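*Asks:* Take this structure, written in structure tokens, and hold onto it; I'll ask about it next.
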Amino acid sequence: MAAKNYASTRYSTLDQINTSNVKNLKLAWTFSTGLTHGHEAAPLIVNNTMYIVTPWPNYLYALDLTKQGAPMKWVYQPNPTPASQGVACCDTVNRGAAYYDGKIFFNTLDVQTVAVDANTGKEVWRTKLGDINLGESITMAPIVAKGKVIVGNSGGEFGVRGWMCGLDAATGKIAWRAYATGPDSDVLIGPNFKPFYADHRGKDLGVKTWPGDSWKIGGGTGWSWVSYDPDLDLIYYGTANPGPWNPEQRPGDNKWASTLFARRPETGEAIWAYQLNPHDEHDYDGVNENILLDLNINGRMRKVLAHPDRNARMYIIDRTNGEVLSAETFAYENTSSGVDLKTGRLKFNEEKASGFKTIRDACPAPPGGKDWQPSAYSLKTGLLYIPHNNLCYENQGTQANYIAGTPFVGMLVRMYAGPGGNRGEFSAWDPVKAKTVWAVKENFPAWSGALSTAGDVVFYGTMDGWFKALDDRTGTELWQFKVGSGIIGQPVAYKGPDGKQYIAILSGVGGWAGAVVAGGINTVDGTAALGFTNAMSDLGKYTTKGGMLYVFSLP
Amino acid sequence: MFFRSLSVFFFAIASALAADQPLLRVCADPNNLPFSNQQRQGFENKLAELFAAQLGAHLEYTWFAERKSFLKNSLDAGQCDLVVGVPGSLTSVDTTKPYYRSTYVFVARHDRNLGITSLNDPRLTDMKIGIHVVGDDYAPPAAALARRGITKNITGFSLFGEYGEANPPRKLIDAVARGDIDIAIAWGPFAGYFAREQSVPLDITPVSPAMFLAVPFTYDIAAAVRKGNTALKVQLDSVIAANSAAIHEILSDYAVPQVP
């Protein structure tokens with residue numbers, strides 16, 4: 001799976017590459033995907049074969065690691081409809097594949113899940129899960145838990161209703177679908193649902209916390225990461241922001257948007273939920289990764305999940321019941337003053353509330369203290385490694401827009417660098433002490449995933465195309481390599497058939513942050529790409545587009 | 001009149017030199033009447049034909065759904081040189097002089113005799129109101145209603161429908177005719193065209209006031225060219241100025257509500 005393991009630690013036990021020899025790391029081989037949109041996927045290595053899922057048109061490449069230069073074994077082309085490109089809000093990315101029982105599972109932009117024979121590249125089944133014509137798409141990397149492929153939709157920018165599905169891995173049959181809004185029967189909330197906080201209890205909150213029937217277009221998609229604890233038999237994921245965008249049009253908490261869910265993988269039944277951002281005002285999705293850890297907190301071993309949210313707070317939550325243990329800030333923010341640990345409610349800063357009015361200097365901006373880019377955890381240091389953003393925004397004036405022949409205006413959103421002037425950061429976080437240990441400033445948002453290794457080296461890439469290795473205890477840069485295009489992918493470590501440790505990363509700038517390059521957006525209009533262009537207008541001076549895999553090893 | 005004759009003159013020359021006839025490349029939605037469709041039955045199809053004829057150009061379409069990244073992926077990506085109708089205040093493209101101005105309108109069954117003209121009408125508090133969902137928001141008049149606390153009785157209708165279903169936005173107007181909702185608030189061209197297709201008469205009234213906070217409910221509509229394509233913009237401005245009567249006739253044929 002893309003996140004390395006069910007706990008989503010992205011921690012590799014390989015230690016051949018370490019702090020003293022990483023400076024000798026050399027390029028071993030490369031592979032061009034032939035595509036130019038953003039490459040966010042993690043290469044998947046199974047049985048000496050590397051599998052790569054590309055952005056639309058979602059090719060699946062299989063590369064033979066047993067042969068010199070890793071030649072292509074086969075390529076599987078699912079042929080998603082071209083129209084799906086126009087539906088994806090934020091570039092046409094795909095975040096990767098999962099392996100289970102001889103098959104590779106991945107999703108296509110036009111809302112299908114596909115199972116492919118891992119040896120032959122032949123399609124085993126494909127299941128259509130939604131409709132791109134309603135604004136839905138899929139960009140996330142699935143996981144397989146207890147024989148179910150877990151898949152969620154994207155499309156919160158198009159007024160869709162979010163869901164997460166469990167598909168039978170053998171047949172592709174949809175076993176369950178849990179919506180993020182609507183009556184309990186749709187959300188798969190039943191008698192075993194026991195949320196920790198009182199305001200999460202009650203019948204049909206997915207209806208009652210919305211005006212009228214607006215929950216039907218309420219968003220809450222599940223477009224990002226899923227983790228799994230086999231002992232507790234629970235999957236964990238977060239839902240995206242609520243819709244419509246203007247918070248005045250949806251008074252109430254808007255459950256279960258921007259919410260963490262714990263569910264049974266076989267049935268989808270909800271066991272607990274915790275809403276991170278009730279009545280979200282800032283497009284703060286709750287979809288970021290959940291890293292499952294067992295930590296000694298205040299003298300007691302706790303099974304927790306670590307969730308660095310868009311709202312710039314690192315939630316440490318008891319994953320057995322949904323109790324928030326801490327929620328301190330890992331990035332600069334001024335939109336909230338903390339989480340009330342008694343009620344679980346985020347204390348919003350009303351001064352920064354959005355809507356059809358001017359707000360200035362609200363931090364973090366909608367991409368959050370951190371967006372989808374997944375963190376890593378080292379079992380050796382006990383630290384989390386967080387690639388993240390440092391962006392603020394203002395809402396001022398309006399801009400004309402136009403969809404399907406219909407003119408309208410939206411608030412004119414401009415994003416810019418937060419305090420310090422750097423737009424990104426890569427930091428190490430102590431989840432027990434709930435504070436930053438070290439941080440490295442980055443010019444651009446750190447939009448790639450992180451990889452931690454037993455060699456005491458952490459890896460990540462930058463949007464201007466530097467692939468970097470840092471000392472995981474000090475943050476000291478030990479090695480870097482300039483790749484062809486900016487990096488928004490997920491680095492992985494693997495042991496080759498020759499017994500050597502390799503590090504692989506896809507380059508190919510794009511995604512929401514990189515749409516200014518990948519989508520050829522006109523930088524005169526700072527409000528394009530949902531306001532991100534203003535903060536990224538110089539990216540084109542640093543990098544060009546183009547998907548290429550880079551694999552490194554020691555000589 | 002002089003101008004028009006001149007255009008016809010140029011057209012004649014261009015026709016004579018058919019081998020060198022320039023292309024007018026237009027991006028349009030393949031399934032979105034009354035604006036355009038692949039059978040070329042929309043008023044933007046007719047306008048494109050008028051523009052092409054006046055420019056002596058051969059008309060060529062790239063069909064592309066007009067969703068959020070439509071302009072980025074079509075006009076900006078060089079797939080075409082012209083998009084026939086966009087808000088005149090759009091800044092990501094260069095726009096011609098506006099050639100019509102329309103408004104959001106109330107649509108209700110004539111036999112209900114509601115006579116609602118204002119977003120401040122107190123009766124709206126208790127009515128079942130239908131409104132399109134545009135991108136991730138309701139269409140603009142909903143913002144004025146929300147400020148008055150009217151949110152519970154609003155039903156959102158997606159602008160996007162199932163694949164193969166004709167003209168998805170018409171569902172909102174159909175719902176008024178069927179009585180599923182009391183009143184719809186819709187962008188004028190949808191309302192005018194689809195109201196005419198119903199079996200019961202519908203009343204169409206511009207919403208007032210024409211603006212709430214910074215959100216306008218009336219919009220100038222212009223043609224769009226890629227930023228910097230001044231040559232085509234100047235040519236189109238001339239064509240629009242010289243053919244206002246013909247343009248007006250096309251818009252009237254499609255019952256597009258126009259406001260001064």
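So you can find residues: chains in the structure tokens are A, B, ... in the order shown, residues in each start at 1, and ligands are numbered from 1 in order.
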Just list as number ranges by chain whatever in region 67-244 of chain A DSSP marks as strand (DSSP E or B).

*Replies:* A: 72-76, 96, 98-100, 103-108, 112-117, 123-128, 137, 143-145, 148-152, 154, 161, 163-168, 174-179, 189, 219, 226-229, 234-238, 242

*Asks:* Quick one: which residues from chain B are at most 8 Å off chain A, using only C-alpha atoms, as a PyMOL selection string?

*Replies:* chain B and resi 29+32+35+64-70+72-73+76-77+85-87+89-92+133-140+142-143+146-147+151-156+158-163+187+213-217+219

*Asks:* Do you know which residues are at most 9 Å from Pro230 (chain A) counting only C-alpha atoms, after dropping those on the same chain fewer than 4 positions away, and could you put them as a list in words?

*Replies:* Tyr6, Ala145, Lys146, Leu234 and Ile235 of chain A

*Asks:* Give me the residues within 10 Å of Gly449 (chain A) as a CSV table (one decimal) with N, CA and C atoms, in the first residue's frame, counting only C-alpha atoms and dropping any in the same chain fewer than 5 places off.

*Replies:*
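Once written, result07.csv looks like this:
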chain,number,residue,atom,x,y,z
A,3,ALA,N,1.0,3.8,1.9
A,3,ALA,CA,1.6,4.3,3.2
A,3,ALA,C,2.5,3.3,3.8
A,10,ARG,N,5.0,4.8,7.2
A,10,ARG,CA,6.0,5.1,6.1
A,10,ARG,C,7.4,4.9,6.7
A,40,GLU,N,1.6,12.2,-7.9
A,40,GLU,CA,1.6,12.1,-6.4
A,40,GLU,C,1.7,10.7,-5.9
A,41,ALA,N,1.8,9.7,-6.8
A,41,ALA,CA,1.7,8.3,-6.3
A,41,ALA,C,3.0,7.8,-5.7
A,42,ALA,N,2.8,6.8,-4.8
A,42,ALA,CA,3.9,6.1,-4.3
A,42,ALA,C,4.2,4.9,-5.1
A,372,TRP,N,-2.7,17.0,1.7
A,372,TRP,CA,-2.7,15.6,1.6
A,372,TRP,C,-1.3,15.0,1.9
A,373,GLN,N,-0.2,15.8,1.8
A,373,GLN,CA,1.1,15.2,1.8
A,373,GLN,C,1.4,14.5,3.1
A,374,PRO,N,1.6,13.1,3.0
A,374,PRO,CA,1.6,12.3,4.2
A,374,PRO,C,2.9,12.4,4.9
A,375,SER,N,2.8,12.4,6.2
A,375,SER,CA,3.9,12.4,7.2
A,375,SER,C,4.4,11.0,7.4
A,376,ALA,N,5.6,10.9,8.0
A,376,ALA,CA,6.2,9.5,8.3
A,376,ALA,C,6.5,9.5,9.8
A,385,TYR,N,7.5,13.0,11.1
A,385,TYR,CA,8.2,13.9,10.1
A,385,TYR,C,7.1,14.4,9.2
A,386,ILE,N,6.9,15.8,9.3
A,386,ILE,CA,5.7,16.4,8.6
A,386,ILE,C,6.1,17.3,7.5
A,387,PRO,N,5.9,17.0,6.3
A,387,PRO,CA,6.0,18.0,5.2
A,387,PRO,C,4.8,18.9,5.2
A,388,HIS,N,5.0,20.2,5.3
A,388,HIS,CA,3.8,21.0,5.4
A,388,HIS,C,3.9,22.4,4.8
A,459,PHE,N,13.6,11.2,4.1
A,459,PHE,CA,13.6,11.7,2.8
A,459,PHE,C,12.3,12.4,2.5
A,460,TYR,N,12.5,13.5,1.6
A,460,TYR,CA,11.3,14.2,1.1
A,460,TYR,C,11.8,14.9,-0.2
A,461,GLY,N,10.8,15.5,-1.0
A,461,GLY,CA,11.2,16.2,-2.1
A,461,GLY,C,10.5,17.6,-2.1
A,462,THR,N,11.1,18.5,-2.9
A,462,THR,CA,10.5,19.9,-2.9
A,462,THR,C,9.9,20.2,-4.3
A,487,ILE,N,8.8,17.9,-7.1
A,487,ILE,CA,8.4,16.6,-6.5
A,487,ILE,C,7.2,16.8,-5.7
A,488,ILE,N,6.1,16.1,-6.0
A,488,ILE,CA,4.9,16.0,-5.1
A,488,ILE,C,4.5,14.6,-4.9
A,489,GLY,N,5.4,13.7,-5.1
A,489,GLY,CA,5.2,12.2,-4.9
A,489,GLY,C,5.5,11.8,-3.5
A,490,GLN,N,5.5,10.4,-3.4
A,490,GLN,CA,5.8,9.8,-2.1
A,490,GLN,C,7.0,8.9,-2.2
A,491,PRO,N,8.1,9.3,-1.5
A,491,PRO,CA,9.3,8.4,-1.5
A,491,PRO,C,9.1,7.1,-0.8
A,492,VAL,N,9.7,6.1,-1.4
A,492,VAL,CA,9.7,4.7,-0.8
A,492,VAL,C,11.1,4.1,-0.7
A,505,ILE,N,11.5,7.7,-6.0
A,505,ILE,CA,10.6,8.8,-5.9
A,505,ILE,C,10.1,9.2,-7.4

*Asks:* Please identify all polymer residues within 7 Å of Val225 (chain B), counting only C-alpha atoms, omitting same-chain residues fewer than 5 positions from it, and present them as a list in words.

*Replies:* Asp81, Leu82, Val83, Val93, Asp94, Thr95 and Lys233 of chain B

*Asks:* Go ahead and dump the residues you just picked, C-alpha atoms, as a compact mmCIF listing (two decimals), in the first residue's frame.

*Replies:*
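The new file part.txt reads:
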# COMPACT_ATOMS: atom_id res chain seq x y z
CA ASP B 81 -9.59 30.57 -29.95
CA LEU B 82 -13.09 31.56 -28.90
CA VAL B 83 -15.65 30.83 -26.20
CA VAL B 93 -9.40 35.82 -20.42
CA ASP B 94 -9.77 38.82 -22.72
CA THR B 95 -13.42 39.59 -23.36
CA LYS B 233 -10.92 40.49 -29.98

*Asks:* Give me the residues near Pro206 (chain B) as a list in words, where near means some atom within 8 Å (using only C-alpha atoms) and where sequence neighbours in that chain fewer than 5 positions away do not count.

*Replies:*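 That gives Thr103, Tyr104, Val105, Phe106, Thr117 and Gly188 of chain B.
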
*Asks:* With C-alpha atoms retained, export the selected residues as a PDB file, in the first residue's frame.

*Replies:*
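Written file, result15.pdb:
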ATOM      1  CA  THR B 103     -30.361  38.432 -14.938  1.00  0.00           C
ATOM      2  CA  TYR B 104     -31.279  35.785 -12.421  1.00  0.00           C
ATOM      3  CA  VAL B 105     -35.055  35.421 -12.455  1.00  0.00           C
ATOM      4  CA  PHE B 106     -37.885  33.988 -10.390  1.00  0.00           C
ATOM      5  CA  THR B 117     -40.337  40.062  -7.641  1.00  0.00           C
ATOM      6  CA  GLY B 188     -32.273  33.957 -17.217  1.00  0.00           C
TER       7      GLY B 188
END

*Asks:* Between A:Asn47, A:Thr30, A:Ser326, A:Thr36, single out the one closest to Gln68 (chain A), counting only C-alpha atoms.

*Replies:*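 Counting only C-alpha atoms, the residue closest to Gln68 (chain A) is A:Thr30.
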
*Asks:* Which value, in Å to one decimal, gives the distance between CA of Asp174 (chain B) and CA of Thr205 (chain B)?

*Replies:*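 Value for the CA of Asp174 (chain B)-CA of Thr205 (chain B) distance: 16.8 Å.
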